[in-house]
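Undergrad: Structure supplied as coords20.pdb; contents: PDB, C-alpha atoms.
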ATOM      1  CA  MET A 765      -8.414 -46.273 224.011
ATOM      2  CA  MET A 766      -8.823 -42.585 224.854
ATOM      3  CA  THR A 767      -9.291 -43.733 228.466
ATOM      4  CA  ARG A 768      -5.540 -44.191 228.698
ATOM      5  CA  TYR A 769      -5.090 -40.622 227.477
ATOM      6  CA  THR A 770      -7.460 -39.473 230.228
ATOM      7  CA  ARG A 771      -5.235 -41.288 232.745
ATOM      8  CA  TYR A 772      -2.239 -39.528 231.240
ATOM      9  CA  LEU A 773      -3.911 -36.130 231.686
ATOM     10  CA  GLU A 774      -4.837 -36.912 235.282
ATOM     11  CA  ALA A 775      -1.274 -37.971 236.062
ATOM     12  CA  PHE A 776       0.187 -34.934 234.297
ATOM     13  CA  GLU A 777      -1.969 -32.473 236.231
ATOM     14  CA  ALA A 778      -1.207 -34.199 239.545
ATOM     15  CA  ILE A 779       2.527 -34.179 238.786
ATOM     16  CA  LYS A 780       2.327 -30.517 237.803
ATOM     17  CA  GLN A 781       0.754 -29.635 241.144
ATOM     18  CA  ALA A 782       3.381 -31.617 243.037
ATOM     19  CA  THR A 783       6.379 -30.219 241.115
ATOM     20  CA  LYS A 784       5.425 -26.568 240.604
ATOM     21  CA  TRP A 785       8.965 -25.217 240.952
ATOM     22  CA  SER A 786      11.192 -28.214 240.308
ATOM     23  CA  LEU A 787      10.322 -29.523 236.832
ATOM     24  CA  THR A 788       9.420 -28.369 233.349
ATOM     25  CA  ASP A 789       6.490 -29.791 231.404
ATOM     26  CA  ASP A 790       8.865 -31.824 229.218
ATOM     27  CA  PHE A 791       9.853 -33.958 232.193
ATOM     28  CA  ARG A 792       6.294 -34.064 233.567
ATOM     29  CA  ARG A 793       5.017 -35.508 230.284
ATOM     30  CA  LEU A 794       7.562 -38.329 230.375
ATOM     31  CA  MET A 795       6.575 -39.101 233.959
ATOM     32  CA  ALA A 796       2.854 -39.025 233.163
ATOM     33  CA  ILE A 797       3.386 -41.461 230.275
ATOM     34  CA  ASN A 798       4.842 -43.974 232.755
ATOM     35  CA  TYR A 799       1.726 -43.826 234.937
ATOM     36  CA  ALA A 800      -0.611 -44.089 231.943
ATOM     37  CA  ILE A 801       1.291 -47.071 230.519
ATOM     38  CA  HIS A 802       1.083 -48.963 233.813
ATOM     39  CA  ASP A 803      -2.491 -47.824 234.515
ATOM     40  CA  ALA A 804      -1.460 -46.382 237.869
ATOM     41  CA  PRO A 805      -2.398 -43.080 239.538
ATOM     42  CA  PHE A 806       0.203 -40.532 240.586
ATOM     43  CA  GLU A 807       0.014 -40.043 244.353
ATOM     44  CA  ALA A 808       2.030 -37.037 245.492
ATOM     45  CA  GLU A 809       2.623 -38.225 249.073
ATOM     46  CA  ARG A 810       3.772 -41.662 247.979
ATOM     47  CA  PHE A 811       6.111 -40.185 245.352
ATOM     48  CA  GLU A 812       7.547 -37.621 247.738
ATOM     49  CA  ALA A 813       8.214 -40.356 250.307
ATOM     50  CA  ALA A 814      10.038 -42.426 247.660
ATOM     51  CA  GLN A 815      11.991 -39.357 246.592
ATOM     52  CA  ALA A 816      12.980 -38.605 250.200
ATOM     53  CA  ALA A 817      14.103 -42.205 250.753
ATOM     54  CA  LEU A 818      16.177 -42.107 247.573
ATOM     55  CA  LYS A 819      17.794 -38.834 248.602
ATOM     56  CA  GLN A 820      18.675 -40.262 252.015
ATOM     57  CA  LYS A 821      20.381 -43.267 250.444
ATOM     58  CA  THR A 822      22.422 -41.463 247.758
ATOM     59  CA  GLY A 823      25.163 -38.847 247.658
ATOM     60  CA  ILE A 824      24.802 -35.379 246.231
ATOM     61  CA  PHE A 825      26.642 -36.303 243.011
ATOM     62  CA  SER A 826      24.766 -39.563 242.497
ATOM     63  CA  LYS A 827      23.195 -40.248 239.096
ATOM     64  CA  PHE A 828      20.065 -40.995 241.114
ATOM     65  CA  ARG A 829      19.739 -37.293 241.890
ATOM     66  CA  GLY A 830      18.428 -34.584 239.563
ATOM     67  CA  THR A 831      15.477 -34.179 237.229
ATOM     68  CA  ASN A 832      16.263 -37.166 235.010
ATOM     69  CA  SER A 833      16.139 -39.436 238.065
ATOM     70  CA  LEU A 834      12.562 -38.276 238.714
ATOM     71  CA  VAL A 835      11.528 -39.709 235.346
ATOM     72  CA  TRP A 836      13.200 -42.978 236.357
ATOM     73  CA  LEU A 837      11.592 -42.911 239.807
ATOM     74  CA  SER A 838       8.157 -42.371 238.246
ATOM     75  CA  PHE A 839       8.723 -45.565 236.242
ATOM     76  CA  LEU A 840       9.383 -47.578 239.405
ATOM     77  CA  ASP A 841       6.557 -45.856 241.262
ATOM     78  CA  ALA A 842       4.096 -46.666 238.477
ATOM     79  CA  LYS A 843       5.266 -50.258 238.013
ATOM     80  CA  TYR A 844       5.671 -51.530 241.572
ATOM     81  CA  GLU A 845       2.994 -51.609 244.236
ATOM     82  CA  ASP A 846       5.734 -51.426 246.887
ATOM     83  CA  VAL A 847       8.397 -49.168 245.413
ATOM     84  CA  ALA A 848      10.832 -49.156 248.369
ATOM     85  CA  PRO A 849      12.324 -52.651 247.765
ATOM     86  CA  ALA A 850      12.681 -51.864 244.046
ATOM     87  CA  ILE A 851      14.637 -48.702 244.865
ATOM     88  CA  ASP A 852      16.908 -50.609 247.263
ATOM     89  CA  GLU A 853      17.564 -53.353 244.734
ATOM     90  CA  ALA A 854      18.267 -50.836 241.939
ATOM     91  CA  LEU A 855      20.788 -49.060 244.177
ATOM     92  CA  ARG A 856      22.447 -52.389 244.964
ATOM     93  CA  LEU A 857      22.652 -53.317 241.281
ATOM     94  CA  ASP A 858      24.003 -49.873 240.440
ATOM     95  CA  GLN A 859      27.200 -50.880 242.220
ATOM     96  CA  LEU A 860      27.840 -53.273 239.333
ATOM     97  CA  LEU A 861      27.922 -50.373 236.872
ATOM     98  CA  ASP A 862      31.321 -49.013 237.896
ATOM     99  CA  ARG A 863      32.843 -50.462 234.759
ATOM    100  CA  LYS A 864      33.715 -49.324 231.246
ATOM    101  CA  HIS A 865      30.826 -47.827 229.240
ATOM    102  CA  PHE A 866      28.407 -47.764 232.183
ATOM    103  CA  ARG A 867      30.404 -45.809 234.783
ATOM    104  CA  TYR A 868      29.659 -42.271 233.584
ATOM    105  CA  SER A 869      26.315 -42.828 231.909
ATOM    106  CA  THR A 870      23.520 -40.461 232.937
ATOM    107  CA  LEU A 871      21.212 -43.433 232.391
ATOM    108  CA  ARG A 872      22.628 -45.496 235.255
ATOM    109  CA  PRO A 873      19.295 -45.514 237.140
ATOM    110  CA  PHE A 874      17.475 -46.827 234.041
ATOM    111  CA  ILE A 875      20.164 -49.434 233.423
ATOM    112  CA  ALA A 876      20.136 -50.578 237.056
ATOM    113  CA  SER A 877      16.352 -50.999 237.024
ATOM    114  CA  GLN A 878      16.614 -53.096 233.870
ATOM    115  CA  LEU A 879      18.725 -55.533 235.880
ATOM    116  CA  LEU A 880      15.910 -56.076 238.405
ATOM    117  CA  ASN A 881      14.809 -59.721 238.474
ATOM    118  CA  THR A 882      17.638 -60.638 236.069
ATOM    119  CA  ASP A 883      19.603 -63.845 236.473
ATOM    120  CA  ASP A 884      23.369 -63.321 236.573
ATOM    121  CA  PRO A 885      23.344 -59.521 236.083
ATOM    122  CA  GLU A 886      27.136 -59.282 235.754
ATOM    123  CA  ARG A 887      27.103 -61.642 232.765
ATOM    124  CA  ARG A 888      24.289 -59.628 231.185
ATOM    125  CA  LEU A 889      26.279 -56.424 231.643
ATOM    126  CA  ASP A 890      29.305 -58.027 229.977
ATOM    127  CA  GLU A 891      27.134 -59.175 227.067
ATOM    128  CA  ALA A 892      25.521 -55.743 226.755
ATOM    129  CA  SER A 893      28.942 -54.076 226.803
ATOM    130  CA  SER A 894      30.130 -56.381 224.029
ATOM    131  CA  LEU A 895      27.043 -55.694 221.906
ATOM    132  CA  TYR A 896      27.420 -51.963 222.513
ATOM    133  CA  GLN A 897      31.027 -52.134 221.270
ATOM    134  CA  THR A 898      29.727 -53.854 218.136
ATOM    135  CA  PHE A 899      27.275 -50.974 217.631
ATOM    136  CA  LYS A 900      30.205 -48.588 218.070
ATOM    137  CA  ARG A 901      32.283 -50.350 215.425
ATOM    138  CA  HIS A 902      29.477 -50.277 212.876
ATOM    139  CA  HIS A 903      28.177 -46.782 213.653
ATOM    140  CA  PRO A 904      30.768 -44.803 215.651
ATOM    141  CA  TRP A 905      29.067 -41.442 215.092
ATOM    142  CA  LEU A 906      25.543 -42.604 215.849
ATOM    143  CA  THR A 907      26.056 -44.815 218.893
ATOM    144  CA  SER A 908      25.517 -43.089 222.230
ATOM    145  CA  GLU A 909      24.739 -43.950 225.841
ATOM    146  CA  GLU A 910      21.066 -44.621 225.048
ATOM    147  CA  ASP A 911      22.261 -47.690 223.140
ATOM    148  CA  LEU A 912      23.650 -49.152 226.363
ATOM    149  CA  LEU A 913      20.116 -49.582 227.671
ATOM    150  CA  SER A 914      18.700 -51.106 224.498
ATOM    151  CA  ALA A 915      21.740 -53.420 224.301
ATOM    152  CA  LEU A 916      20.986 -54.658 227.813
ATOM    153  CA  VAL A 917      17.378 -55.441 226.899
ATOM    154  CA  LEU A 918      18.385 -57.100 223.630
ATOM    155  CA  VAL A 919      20.909 -59.503 225.171
ATOM    156  CA  GLN A 920      18.261 -60.668 227.631
ATOM    157  CA  ALA A 921      15.847 -61.519 224.812
ATOM    158  CA  PHE A 922      18.220 -62.995 222.196
ATOM    159  CA  ASP A 923      20.657 -65.856 222.799
ATOM    160  CA  ASP A 924      22.632 -65.596 219.540
ATOM    161  CA  HIS A 925      24.096 -62.097 219.679
ATOM    162  CA  THR A 926      25.944 -62.412 216.363
ATOM    163  CA  ALA A 927      22.711 -63.250 214.548
ATOM    164  CA  LEU A 928      21.013 -60.483 216.515
ATOM    165  CA  ASN A 929      23.485 -57.869 215.299
ATOM    166  CA  ASP A 930      23.135 -59.117 211.722
ATOM    167  CA  ARG A 931      19.365 -58.696 212.053
ATOM    168  CA  ILE A 932      19.745 -55.179 213.459
ATOM    169  CA  GLU A 933      22.046 -54.242 210.586
ATOM    170  CA  ALA A 934      19.543 -55.601 208.060
ATOM    171  CA  TYR A 935      16.907 -53.276 209.480
ATOM    172  CA  TYR A 936      19.298 -50.360 209.538
ATOM    173  CA  GLU A 937      20.315 -50.847 205.908
ATOM    174  CA  ALA A 938      16.682 -51.120 204.803
ATOM    175  CA  LEU A 939      15.624 -48.066 206.816
ATOM    176  CA  LYS A 940      18.425 -45.683 205.865
ATOM    177  CA  GLN A 941      17.061 -45.543 202.322
ATOM    178  CA  HIS A 942      13.970 -43.792 203.690
ATOM    179  CA  VAL A 943      14.995 -42.139 206.965
ATOM    180  CA  SER A 944      17.908 -39.809 207.713
ATOM    181  CA  ARG A 945      20.767 -41.391 209.651
ATOM    182  CA  SER A 946      20.533 -40.614 213.348
ATOM    183  CA  ASN A 947      20.703 -42.207 216.777
ATOM    184  CA  GLU A 948      16.902 -42.470 216.629
ATOM    185  CA  LEU A 949      17.203 -44.542 213.463
ATOM    186  CA  GLN A 950      19.620 -46.863 215.230
ATOM    187  CA  LEU A 951      17.163 -47.270 218.116
ATOM    188  CA  VAL A 952      14.425 -48.047 215.568
ATOM    189  CA  SER A 953      16.550 -50.877 214.166
ATOM    190  CA  HIS A 954      17.007 -52.216 217.709
ATOM    191  CA  LEU A 955      13.253 -52.150 218.295
ATOM    192  CA  LEU A 956      12.250 -53.726 214.997
ATOM    193  CA  ALA A 957      14.682 -56.589 215.611
ATOM    194  CA  PHE A 958      12.066 -57.910 218.053
ATOM    195  CA  SER A 959       9.406 -58.223 215.345
ATOM    196  CA  GLU A 960       8.640 -61.646 213.931
ATOM    197  CA  LEU A 961       8.212 -59.997 210.533
ATOM    198  CA  ALA A 962      10.960 -60.194 207.928
ATOM    199  CA  PRO A 963      12.986 -56.965 207.789
ATOM    200  CA  ASP A 964      11.483 -55.822 204.477
ATOM    201  CA  ASP A 965       7.941 -56.445 205.744
ATOM    202  CA  ALA A 966       8.562 -54.655 209.037
ATOM    203  CA  VAL A 967      10.114 -51.657 207.280
ATOM    204  CA  THR A 968       7.175 -51.529 204.861
ATOM    205  CA  ARG A 969       4.751 -51.490 207.809
ATOM    206  CA  PHE A 970       6.806 -48.804 209.563
ATOM    207  CA  LEU A 971       6.810 -46.585 206.466
ATOM    208  CA  ASP A 972       3.092 -47.218 205.933
ATOM    209  CA  TRP A 973       2.394 -45.940 209.436
ATOM    210  CA  ARG A 974       4.516 -42.852 208.772
ATOM    211  CA  GLU A 975       2.697 -42.164 205.510
ATOM    212  CA  ARG A 976      -0.716 -42.526 207.146
ATOM    213  CA  LEU A 977       0.253 -39.969 209.782
ATOM    214  CA  ASN A 978       1.644 -37.606 207.159
ATOM    215  CA  MET A 979      -1.670 -37.859 205.303
ATOM    216  CA  GLN A 980      -3.306 -36.662 208.527
ATOM    217  CA  ASN A 981      -0.973 -33.620 208.436
ATOM    218  CA  ILE A 982       0.914 -35.005 211.437
ATOM    219  CA  ALA A 983       4.636 -34.376 210.994
ATOM    220  CA  VAL A 984       6.809 -37.357 211.963
ATOM    221  CA  ARG A 985      10.201 -36.115 213.150
ATOM    222  CA  ASN A 986      13.266 -38.085 214.206
ATOM    223  CA  GLU A 987      12.238 -37.988 217.866
ATOM    224  CA  HIS A 988       8.989 -39.774 216.970
ATOM    225  CA  LEU A 989      10.633 -42.682 215.160
ATOM    226  CA  PRO A 990      11.334 -44.972 218.186
ATOM    227  CA  PRO A 991       7.732 -44.924 219.511
ATOM    228  CA  LEU A 992       6.513 -45.343 215.927
ATOM    229  CA  ALA A 993       8.686 -48.466 215.657
ATOM    230  CA  LEU A 994       7.206 -49.756 218.906
ATOM    231  CA  LEU A 995       3.712 -49.330 217.480
ATOM    232  CA  THR A 996       4.812 -51.009 214.241
ATOM    233  CA  ILE A 997       5.735 -54.182 216.142
ATOM    234  CA  VAL A 998       2.373 -54.580 217.878
ATOM    235  CA  SER A 999      -0.091 -53.099 215.395
ATOM    236  CA  ALA A1000      -0.483 -53.189 211.630
ATOM    237  CA  PRO A1001      -1.712 -49.871 210.226
ATOM    238  CA  ASN A1002      -5.447 -49.559 210.871
ATOM    239  CA  GLU A1003      -8.076 -46.850 210.984
ATOM    240  CA  ASP A1004      -8.972 -47.240 214.671
ATOM    241  CA  ASP A1005      -5.442 -46.675 215.961
ATOM    242  CA  GLU A1006      -4.881 -43.960 213.393
ATOM    243  CA  ARG A1007      -7.978 -42.110 214.571
ATOM    244  CA  VAL A1008      -6.954 -42.301 218.241
ATOM    245  CA  ILE A1009      -3.468 -41.019 217.424
ATOM    246  CA  ALA A1010      -4.963 -38.099 215.494
ATOM    247  CA  ASP A1011      -7.394 -37.328 218.345
ATOM    248  CA  ILE A1012      -4.627 -37.297 220.989
ATOM    249  CA  VAL A1013      -2.384 -35.127 218.816
ATOM    250  CA  ALA A1014      -5.247 -32.685 218.229
ATOM    251  CA  ALA A1015      -6.025 -32.541 221.950
ATOM    252  CA  GLU A1016      -2.380 -31.879 222.843
ATOM    253  CA  VAL A1017      -2.040 -29.204 220.163
ATOM    254  CA  GLU A1018      -5.130 -27.533 221.591
ATOM    255  CA  ARG A1019      -3.579 -27.636 225.063
ATOM    256  CA  GLN A1020      -0.303 -26.103 223.881
ATOM    257  CA  ARG A1021      -0.525 -24.472 220.477
ATOM    258  CA  TRP A1022       3.077 -23.383 219.913
ATOM    259  CA  PHE A1023       5.343 -26.038 221.397
ATOM    260  CA  ASN A1024       3.648 -29.361 220.698
ATOM    261  CA  THR A1025       6.126 -31.686 218.972
ATOM    262  CA  HIS A1026       5.681 -33.885 222.058
ATOM    263  CA  SER A1027       2.048 -34.565 221.107
ATOM    264  CA  LEU A1028       2.838 -37.380 218.658
ATOM    265  CA  THR A1029       5.268 -39.035 221.098
ATOM    266  CA  ILE A1030       2.508 -39.169 223.708
ATOM    267  CA  ALA A1031      -0.032 -40.517 221.209
ATOM    268  CA  LEU A1032       2.274 -43.243 219.864
ATOM    269  CA  GLN A1033       3.390 -44.365 223.325
ATOM    270  CA  LEU A1034      -0.163 -44.606 224.658
ATOM    271  CA  VAL A1035      -1.609 -46.372 221.613
ATOM    272  CA  ALA A1036       1.290 -48.844 221.583
ATOM    273  CA  ALA A1037       0.720 -49.489 225.292
ATOM    274  CA  GLU A1038      -2.811 -50.678 224.526
ATOM    275  CA  HIS A1039      -1.331 -53.509 222.467
ATOM    276  CA  ILE A1040       1.625 -54.468 224.683
ATOM    277  CA  THR A1041      -0.091 -57.266 226.577
ATOM    278  CA  GLU A1042       0.783 -60.925 227.079
ATOM    279  CA  GLU A1043      -0.704 -61.655 223.656
ATOM    280  CA  ALA A1044       1.921 -59.360 222.129
ATOM    281  CA  SER A1045       4.548 -62.022 222.876
ATOM    282  CA  GLU A1046       3.232 -63.938 219.864
ATOM    283  CA  LEU A1047       4.270 -61.035 217.615
ATOM    284  CA  LEU A1048       7.920 -61.287 218.634
ATOM    285  CA  LEU A1049      10.737 -63.285 217.103
ATOM    286  CA  HIS A1050      12.336 -63.634 220.539
ATOM    287  CA  GLY A1051      11.537 -62.389 224.013
ATOM    288  CA  THR A1052       8.185 -61.535 225.571
ATOM    289  CA  PHE A1053       5.917 -58.545 225.989
ATOM    290  CA  ALA A1054       7.972 -57.717 229.102
ATOM    291  CA  HIS A1055      10.956 -57.022 226.835
ATOM    292  CA  LEU A1056       8.761 -54.697 224.774
ATOM    293  CA  LEU A1057       7.839 -52.826 227.932
ATOM    294  CA  ALA A1058      11.547 -52.575 228.691
ATOM    295  CA  MET A1059      12.224 -51.208 225.212
ATOM    296  CA  GLN A1060       9.384 -48.759 225.726
ATOM    297  CA  GLN A1061      11.253 -47.605 228.812
ATOM    298  CA  ALA A1062      14.389 -47.320 226.681
ATOM    299  CA  THR A1063      12.584 -44.911 224.345
ATOM    300  CA  THR A1064      11.535 -42.864 227.390
ATOM    301  CA  ALA A1065      15.128 -42.833 228.611
ATOM    302  CA  ALA A1066      16.293 -41.623 225.197
ATOM    303  CA  ALA A1067      13.662 -38.884 225.298
ATOM    304  CA  THR A1068      14.867 -37.911 228.778
ATOM    305  CA  VAL A1069      18.437 -37.510 227.515
ATOM    306  CA  ALA A1070      17.125 -35.418 224.605
ATOM    307  CA  VAL A1071      15.238 -33.125 226.978
ATOM    308  CA  ILE A1072      18.317 -32.716 229.188
ATOM    309  CA  SER A1073      20.457 -31.903 226.129
ATOM    310  CA  THR A1074      17.959 -29.339 224.875
ATOM    311  CA  THR A1075      17.647 -27.726 228.286
ATOM    312  CA  SER A1076      21.431 -27.562 228.678
ATOM    313  CA  SER A1077      21.914 -26.015 225.227
ATOM    314  CA  ASN A1078      19.221 -23.434 225.932
ATOM    315  CA  ASN A1079      20.912 -22.488 229.168
TER     316      ASN A1079
END
What is this structure when it is put down as structure tokens?
TA:
Amino acid sequence: MMTRYTRYLEAFEAIKQATKWSLTDDFRRLMAINYAIHDAPFEAERFEAAQAALKQKTGIFSKFRGTNSLVWLSFLDAKYEDVAPAIDEALRLDQLLDRKHFRYSTLRPFIASQLLNTDDPERRLDEASSLYQTFKRHHPWLTSEEDLLSALVLVQAFDDHTALNDRIEAYYEALKQHVSRSNELQLVSHLLAFSELAPDDAVTRFLDWRERLNMQNIAVRNEHLPPLALLTIVSAPNEDDERVIADIVAAEVERQRWFNTHSLTIALQLVAAEHITEEASELLLHGTFAHLLAMQQATTAAATVAVISTTSSNN
């Protein structure tokens, strides 16, 4: 399993060389995770060509410009053998997002790419908008633009959206007894809704994972909760995964001793990726492993927004 971490390191170093003056390590890590998840190398020339094509096809104020769009572009570049048609289709689908809720979202590129290969994308956007409004009614202070993306994935996996929201609320109510209320907690409840486990059982597994990591002196912060939920869906607590997580965290702490809260995010994402295969579909109440991959992308998008917010506040 450490092989995937090696791929992550290779991608990170290649991205660092290619973006010496244009990105911080926070963004490079998110990009490298995409390549490691999809078991794809980062090729500077290919990425630069895709970036140039994207720039040629978008205006200066487009949401497809800027550092956050590079994280999105790395996702497409890692996932698709021929990235050009995927970019064109995402730009076409983006035209559907000039509507309430979606119009001003910084996550428009991520949302547009989630519509790729989707039947009747306009209907899905309407359903996602409706579910998002339901989130807003229940949790007005916690719901943010990141929930637009998870709502879009959820409505594609679940047919009964009323029952879906009831299930999400059951997870939220069970979790808030143990975890501080936050947007991350809401995203955790969205993720765990995919699990075939009963809410109490899934929450118990989630808390067991957190306790195991705490026993390893690995601090689990709010930002780590979504990838921890992803791991909870596909893997019951076990010593092998626990050891790999601890090894990756230790390696990342050694690489950057002072600012290393990202280390657990990397470890959880990579270990979860090992389990998100076609067989993982059997662990889900609804949807397939492809929806889990989409939710994994949603956690990356949320992390991207968090990095942008932190950078803006520091400036």
Undergrad: Starting from the displayed file, determine the output of the PyMOL selection byres ((chain A and resi 1048) around 8) and express the residue list as a VMD selection string.
TA: chain A and resid 958 to 960 997 1044 to 1047 1049 to 1052
Undergrad: Would you mind telling me which residue in A:Phe825, A:Ala1037, A:Phe866, A:Asp883 lies nearest to Ala1058 (chain A) when using all atoms listed in the file?
TA: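 Looking at the shortest contact to Ala1058 (chain A), the residue is A:Ala1037.
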Undergrad: Can you translate the PyMOL selection byres ((chain A and resi 914-918) around 10) into the concrete residues it hits in this file, as a PyMOL selection string?
TA: chain A and resi 875+878-879+885+888-897+899+909-913+919-923+925+928-929+951+954-955+957-958+1050-1051+1054-1063+1065-1066
Undergrad: Around the point (5.0, -47.4, 230.7), in the coordinates given by the file, pick out the residues reaching within 12 Å, counting all atoms listed in the file, and return them as JSON, numbers by chain.
TA: {"A": [768, 772, 793, 794, 795, 796, 797, 798, 799, 800, 801, 802, 803, 804, 835, 836, 838, 839, 840, 841, 842, 843, 844, 991, 1030, 1032, 1033, 1034, 1035, 1036, 1037, 1038, 1040, 1041, 1054, 1055, 1056, 1057, 1058, 1059, 1060, 1061, 1062, 1063, 1064, 1065]}
Undergrad: Using only C-alpha atoms, determine which residues lie at most 12 Å from Ala813 (chain A), disregarding the query and same-chain residues fewer than 3 positions distant; provide the list as a list in words.
TA: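 Non-adjacent residues within range: Glu807, Ala808, Glu809, Arg810, Ala816, Ala817, Leu818, Lys819, Gln820, Leu837, Asp841, Asp846, Val847, Ala848 and Ile851 of chain A.
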Undergrad: Looking at only C-alpha atoms, which of A:Ser1027, A:Asn978, A:Thr770, A:Thr968 is the one that sits closest to His942 (chain A)?
TA: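 Under the stated criterion, the closest residue is A:Thr968.
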Undergrad: Would you mind listing what lies within 7 Å of Ala993 (chain A) as a short mmCIF file (atom, residue, chain, number, x, y, z; two decimals) with C-alpha atoms, in the frame of the given file, with all atoms listed in the file counted and same-chain residues fewer than 6 positions away left out?
TA:
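Printed below is selection_33.cif as written:
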data_model
loop_
_atom_site.label_atom_id
_atom_site.label_comp_id
_atom_site.auth_asym_id
_atom_site.auth_seq_id
_atom_site.Cartn_x
_atom_site.Cartn_y
_atom_site.Cartn_z
CA VAL A 952 14.42 -48.05 215.57
CA LEU A 955 13.25 -52.15 218.30
CA LEU A 956 12.25 -53.73 215.00
CA PHE A 970 6.81 -48.80 209.56
#
Undergrad: In Å, with one decimal, what is the gap from CA of Arg945 (chain A) to CA of Tyr868 (chain A)?
TA: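 If I compute the distance from CA of Arg945 (chain A) to CA of Tyr868 (chain A), I get 25.5 Å.
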Undergrad: May I ask which of the residues A:Arg1019, A:Arg887, A:His1026, A:Arg976 is the closest one to Arg1007 (chain A), counting all atoms listed in the file?
TA: A:Arg976
Undergrad: Counting only C-alpha atoms, which of A:Pro849, A:Pro873, A:Pro805, A:Pro1001 gets nearest to Leu834 (chain A)?
TA: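 Using only C-alpha atoms, the shortest distance to Leu834 (chain A) belongs to A:Pro873.
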Undergrad: Anything within 6 Å of (24.5, -38.2, 235.2): list those residues as a PDB file with C-alpha atoms, in the frame of the given file, counting all atoms listed in the file and sticking to the file's coordinates.
TA:
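Ended up saving to part_18.pdb:
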ATOM      1  CA  LYS A 827      23.195 -40.248 239.096  1.00  0.00           C
ATOM      2  CA  SER A 869      26.315 -42.828 231.909  1.00  0.00           C
ATOM      3  CA  THR A 870      23.520 -40.461 232.937  1.00  0.00           C
TER       4      THR A 870
END
